Amino acid sequence: MKSEAPGQELEHKMKLEQKQELEQKLKEKMELEQEKAAREKEGEEEQVKRETSGKEGGRKEREEREKSAERGMREEKENRQAKEGKKETSDKKEKKMKLSLPTEELMGSGHLACQGCGATLAMRYVLKALGQKTALCIPACCWSVIDGPFPYSSLDVPIFHCAFETAAASAAGLKAGLEMVGDSETTVVAWAGDGGTFDIGIQALSGAAERNDDIIYVCYDNEAYMNTGIQRSSATPYGAWTTTTPVKHFKNRPKKDIDAIMAAHRIPYLATASVGYPEDLYKKTKKAKDISGTRFLHIYAPCPTGWKARPEDTVKLARMVVQNCIFPLYEVEFGEKYTINIRPREKKPIVDYLRLQGRFHHLTEEHVRMIQEEVDRNWERLLRRAEA
Amino acid sequence: MKKVIMGNHALSWGAQLSRAQVIAAYPITPQTQVVELLSEMCASGELKAKFIKVESEHSAMAACIAASLAGARTFTATSAQGLTLMHELLHWASGGRLPVVMGNINRAMAPGWSIWTDQNDSLSQRDTGWIQFYCASNQEVLDTVIQAFRVSEALLIPSMVILDAFALSHTYEVVDIPDQDKVDSYLPAFNPPVRLTPADPHAFGGLTSPEHYFELRYKLQKDMEKVPQLIEETGREYERLFGRYLGQVEDYRCDDAELIFVSSGTAGYTARVAVDELREAGIKAGNLRVKVFRPFPFDKVRQILGRAKKVAVVDRNISYGHHGIFYQEVKSALYGRANGATVLGFVTGLGGRDMTPEAFKEIAEVALARDRAEEDILWIGVKR
């Protein structure tokens, strides 16, 4: 966290102006094309349908994406302009502000993640909370690669790279082994993606949870098999494009409710978290660290590559998803006590969130409406559980 | 201390005496008694170990691998469907250089469901880089578990100790259970050169490019090649302490034999009965019982079979599209060194079909009538 020197501030302002100029030019171009498109669509329904999938590409798709990107950029510009006035005073504030997360890094640079990878944010914050006396079991997933190839590793904690299905079983075995050789302090963590948790790893996870094995299971959820090239998993949300759910056969099943499944195991602690709310994630991880038995953290981690979103939108998406109640932040203790951590005063419409991701661009208004209904239903159900 | 125990319990006693520290196991007929006794031993404190009651064999091997990486001595047991479910992870244990020791009850693979013995389950794992011991008595089972830990931990290669379903697993025999102190002097605590610990953080088993992978596998093979000598050396040490020698093979009356059976498991003991009866009938028979199948005992096989005129390899298994598996391996070991011996391959006893001394005598008859191997599979006992 650095505050900017005066010279840097000016440079920043100049770059901002240049960007604003570009934005203006782009806006004008877009508006021209929009008028043309509107004329072409005269007499038809006002729906935007995607003919081609994400991979197939095409001029039309690119135009659509630029349009929605433009909308997003305009929003950002407005927000930024509003903050401009406050910027100088907030800079001064930063210098005096107490940092809410430790500065020590257990994750180094030089790792292999994509730009804007949410999974790296998740790892960084979780390790800050757990500290160096941690051992990770990482099954096949993006993080098997992100950490770096042999003989390198970007983490300052030991990692057991384990077989795909085995994150929870390996963690249970590792914990038992460490205890038998005299180490009962090291926190053993299974660190898996959604594929290795919701699908192929669910048996081992259920087994460990039923036995209440003394491990923390962290699932970083980027909502598809990203490491193998964006194939659908049972964590993929309804409506999403993936390489195995192309636009004409988009994913037509809802996201599996892994948190309800884990709650049914009555484990001492489970929580959802988002990389857009690092302090909440940090707090929950710290809380989990001090509990014995099986603890489960479900972390929402955007993947710009797989979602066809902009890398710079990762944090934004990770905040929107909580604000629109698609991915509420809550905790469950022993499957009974529900605590909702953030109750948005007004639920943001999901369409703003969907629009920022190319994987949803083919959806019609009808689809969006259906999804909104489901989100509403899920939120109401969660509220009832929290009240009970 | 002498006890009358079943083969399965000999495995449990072996693990207990070896002071296994982490056991992760899942029940399957006919292995269940192994883990039941181990559970009791853990509960009573006789065995100071953590017993993870996993929800499948795949998780059992996964947990053992991870526990071994932490530096703990690990044990598990399974059979047939359970063993094959572990297949992916068998590669993981050997590739990861983790000395897990596992008991496997040889049981025929489904479908149809069978709980009776043949060797296809363990033999179809022969390429996974595990040491394979085939036992023919409960005493041998117990002794082999202890020696397996010794050999495995010295060379960081996992082992499986194999016994026939029911013919050995559920058969009661007198077993001399060694003193704990003596076993401790033979088998010290597991002390791996590298273990997973935050005190010295490393990533184990990560992305390995063609630049590095080849040498890792080369090393595994090179260490496998050291196993025969280590088995001999530690076997002699065990003999000095306990009076029993394991070795890689059992040579029964092969010295002047003209016809030698090659067998394994309990069939290897049945063969001895047939050898004696044949000898009484004037036929110079002998039996070579293979106790260590991986690494294959090339030297012993060549040395012992080199003198025979006829070799009858008796397989209680088959590699479909090829021949009996011991037959393939014996033939390849003798290639260019057979000294003119006729090597014949017999397949019998699949799915637990009983193998009797009469069957061996029938095999002898067929073998003696042939000067060349015209068929690569001579089926014995198939109902036609």
# chains A, B, ... in the order shown; residues from 1 in each chain; ligands from 1
call {"tool": "interface_residues", "arguments": {"of": "chain A", "to": "chain B", "cutoff": "9 Å", "atoms": "only C-alpha atoms", "output": "MDAnalysis selection string"}}
result
chainID A and resid 132:135 137 144:145 147:153 155:163 165:181 183 186 203:204 206:208 211 213
call {"tool": "select_by_dssp", "arguments": {"residues": "range 13-175 of chain B", "states": "strand (DSSP E or B)", "output": "PyMOL selection string"}}
result
chain B and resi 22-24+50-52+74-79+101-106+131-134+159-164+172-175
call {"tool": "residues_around", "arguments": {"residues": "Leu130 in chain A", "least_positions_apart": "2", "cutoff": "12 Å", "atoms": "only C-alpha atoms", "output": "ChimeraX atom specification"}}
result
/A:101-102,104-106,123-128,132-136,156-157,185-189,216,281-290
call {"tool": "closest_residue", "arguments": {"among": "A:Gly239, A:Pro302, A:Gly335, A:Gly182", "to": "Ala386 in chain A", "atoms": "only C-alpha atoms"}}
result
A:Gly335
call {"tool": "residues_around", "arguments": {"residues": "Gln132 in chain B", "least_positions_apart": "4", "cutoff": "9 Å", "atoms": "only C-alpha atoms", "output": "number ranges by chain"}}
result
B: 122-123, 126, 159-162, 291-295
call {"tool": "select_by_dssp", "arguments": {"residues": "range 126-285 of chain B", "states": "alpha helix (DSSP H)", "output": "NGL selection string"}}
result
:B and (138-155 or 180-186 or 210-224 or 227-242 or 267-280)
call {"tool": "write_last_selection", "arguments": {"atoms": "C-alpha atoms", "output": "PDB file, in the first residue's frame"}}
result
ATOM      1  CA  ASN B 138       0.479 -67.753   7.341  1.00  0.00           C
ATOM      2  CA  GLN B 139       3.932 -67.730   8.873  1.00  0.00           C
ATOM      3  CA  GLU B 140       5.294 -66.474   5.604  1.00  0.00           C
ATOM      4  CA  VAL B 141       2.641 -63.749   5.535  1.00  0.00           C
ATOM      5  CA  LEU B 142       3.590 -62.419   8.960  1.00  0.00           C
ATOM      6  CA  ASP B 143       7.326 -62.603   8.315  1.00  0.00           C
ATOM      7  CA  THR B 144       6.937 -60.997   4.891  1.00  0.00           C
ATOM      8  CA  VAL B 145       5.076 -57.936   6.208  1.00  0.00           C
ATOM      9  CA  ILE B 146       7.944 -57.141   8.567  1.00  0.00           C
ATOM     10  CA  GLN B 147      10.567 -57.661   5.897  1.00  0.00           C
ATOM     11  CA  ALA B 148       8.526 -55.702   3.388  1.00  0.00           C
ATOM     12  CA  PHE B 149       8.670 -52.630   5.624  1.00  0.00           C
ATOM     13  CA  ARG B 150      12.402 -53.069   5.970  1.00  0.00           C
ATOM     14  CA  VAL B 151      13.046 -53.367   2.239  1.00  0.00           C
ATOM     15  CA  SER B 152      10.494 -50.758   1.182  1.00  0.00           C
ATOM     16  CA  GLU B 153      11.758 -48.115   3.571  1.00  0.00           C
ATOM     17  CA  ALA B 154      15.388 -48.739   2.678  1.00  0.00           C
ATOM     18  CA  LEU B 155      14.738 -48.180  -1.021  1.00  0.00           C
ATOM     19  CA  GLN B 180       8.286 -57.060  19.754  1.00  0.00           C
ATOM     20  CA  ASP B 181      11.840 -56.287  20.968  1.00  0.00           C
ATOM     21  CA  LYS B 182      13.383 -58.557  18.380  1.00  0.00           C
ATOM     22  CA  VAL B 183      11.261 -57.058  15.614  1.00  0.00           C
ATOM     23  CA  ASP B 184      12.285 -53.564  16.766  1.00  0.00           C
ATOM     24  CA  SER B 185      15.935 -54.531  16.463  1.00  0.00           C
ATOM     25  CA  TYR B 186      15.300 -55.717  12.904  1.00  0.00           C
ATOM     26  CA  PRO B 210      10.096 -33.879 -20.143  1.00  0.00           C
ATOM     27  CA  GLU B 211      13.287 -32.204 -18.958  1.00  0.00           C
ATOM     28  CA  HIS B 212      13.000 -33.883 -15.552  1.00  0.00           C
ATOM     29  CA  TYR B 213      10.487 -36.742 -15.555  1.00  0.00           C
ATOM     30  CA  PHE B 214      12.630 -39.354 -17.301  1.00  0.00           C
ATOM     31  CA  GLU B 215      15.351 -39.274 -14.655  1.00  0.00           C
ATOM     32  CA  LEU B 216      12.850 -39.712 -11.839  1.00  0.00           C
ATOM     33  CA  ARG B 217      11.556 -42.908 -13.414  1.00  0.00           C
ATOM     34  CA  TYR B 218      15.080 -44.077 -14.254  1.00  0.00           C
ATOM     35  CA  LYS B 219      15.905 -43.781 -10.557  1.00  0.00           C
ATOM     36  CA  LEU B 220      12.870 -45.831  -9.574  1.00  0.00           C
ATOM     37  CA  GLN B 221      13.934 -48.665 -11.860  1.00  0.00           C
ATOM     38  CA  LYS B 222      17.529 -48.491 -10.664  1.00  0.00           C
ATOM     39  CA  ASP B 223      16.357 -48.784  -7.068  1.00  0.00           C
ATOM     40  CA  MET B 224      14.041 -51.661  -7.983  1.00  0.00           C
ATOM     41  CA  VAL B 227      15.688 -55.046  -4.256  1.00  0.00           C
ATOM     42  CA  PRO B 228      16.785 -58.668  -4.901  1.00  0.00           C
ATOM     43  CA  GLN B 229      20.076 -58.227  -3.142  1.00  0.00           C
ATOM     44  CA  LEU B 230      18.465 -56.382  -0.263  1.00  0.00           C
ATOM     45  CA  ILE B 231      15.872 -59.133   0.113  1.00  0.00           C
ATOM     46  CA  GLU B 232      18.665 -61.677   0.343  1.00  0.00           C
ATOM     47  CA  GLU B 233      20.677 -59.663   2.864  1.00  0.00           C
ATOM     48  CA  THR B 234      17.806 -58.678   5.104  1.00  0.00           C
ATOM     49  CA  GLY B 235      16.412 -62.182   4.691  1.00  0.00           C
ATOM     50  CA  ARG B 236      19.607 -63.655   6.146  1.00  0.00           C
ATOM     51  CA  GLU B 237      19.446 -61.159   8.992  1.00  0.00           C
ATOM     52  CA  TYR B 238      15.848 -62.186   9.677  1.00  0.00           C
ATOM     53  CA  GLU B 239      16.898 -65.812   9.619  1.00  0.00           C
ATOM     54  CA  ARG B 240      19.567 -65.161  12.239  1.00  0.00           C
ATOM     55  CA  LEU B 241      17.032 -63.455  14.496  1.00  0.00           C
ATOM     56  CA  PHE B 242      13.961 -65.613  13.929  1.00  0.00           C
ATOM     57  CA  ALA B 267      -0.713 -73.793  -5.375  1.00  0.00           C
ATOM     58  CA  GLY B 268       3.023 -73.785  -4.785  1.00  0.00           C
ATOM     59  CA  TYR B 269       2.546 -75.937  -1.686  1.00  0.00           C
ATOM     60  CA  THR B 270       0.134 -78.241  -3.497  1.00  0.00           C
ATOM     61  CA  ALA B 271       2.809 -78.673  -6.166  1.00  0.00           C
ATOM     62  CA  ARG B 272       5.190 -80.064  -3.542  1.00  0.00           C
ATOM     63  CA  VAL B 273       2.749 -82.846  -2.748  1.00  0.00           C
ATOM     64  CA  ALA B 274       2.583 -83.699  -6.429  1.00  0.00           C
ATOM     65  CA  VAL B 275       6.388 -83.548  -6.706  1.00  0.00           C
ATOM     66  CA  ASP B 276       6.741 -86.097  -3.926  1.00  0.00           C
ATOM     67  CA  GLU B 277       4.170 -88.411  -5.502  1.00  0.00           C
ATOM     68  CA  LEU B 278       5.801 -88.106  -8.928  1.00  0.00           C
ATOM     69  CA  ARG B 279       9.193 -88.826  -7.451  1.00  0.00           C
ATOM     70  CA  GLU B 280       7.792 -91.977  -5.900  1.00  0.00           C
TER      71      GLU B 280
END
call {"tool": "residues_around", "arguments": {"residues": "Ala110 in chain B", "least_positions_apart": "2", "cutoff": "10 Å", "atoms": "only C-alpha atoms", "output": "list in words"}}
result
Ala80, Gln81, Arg107, Ala108, Gly112, Trp113, Ser114, Ile115, Asp121 and Gly351 of chain B
call {"tool": "atom_distance", "arguments": {"atom1": "CA of Asp315 in chain B", "atom2": "CA of Phe75 in chain B"}}
result
28.2 Å
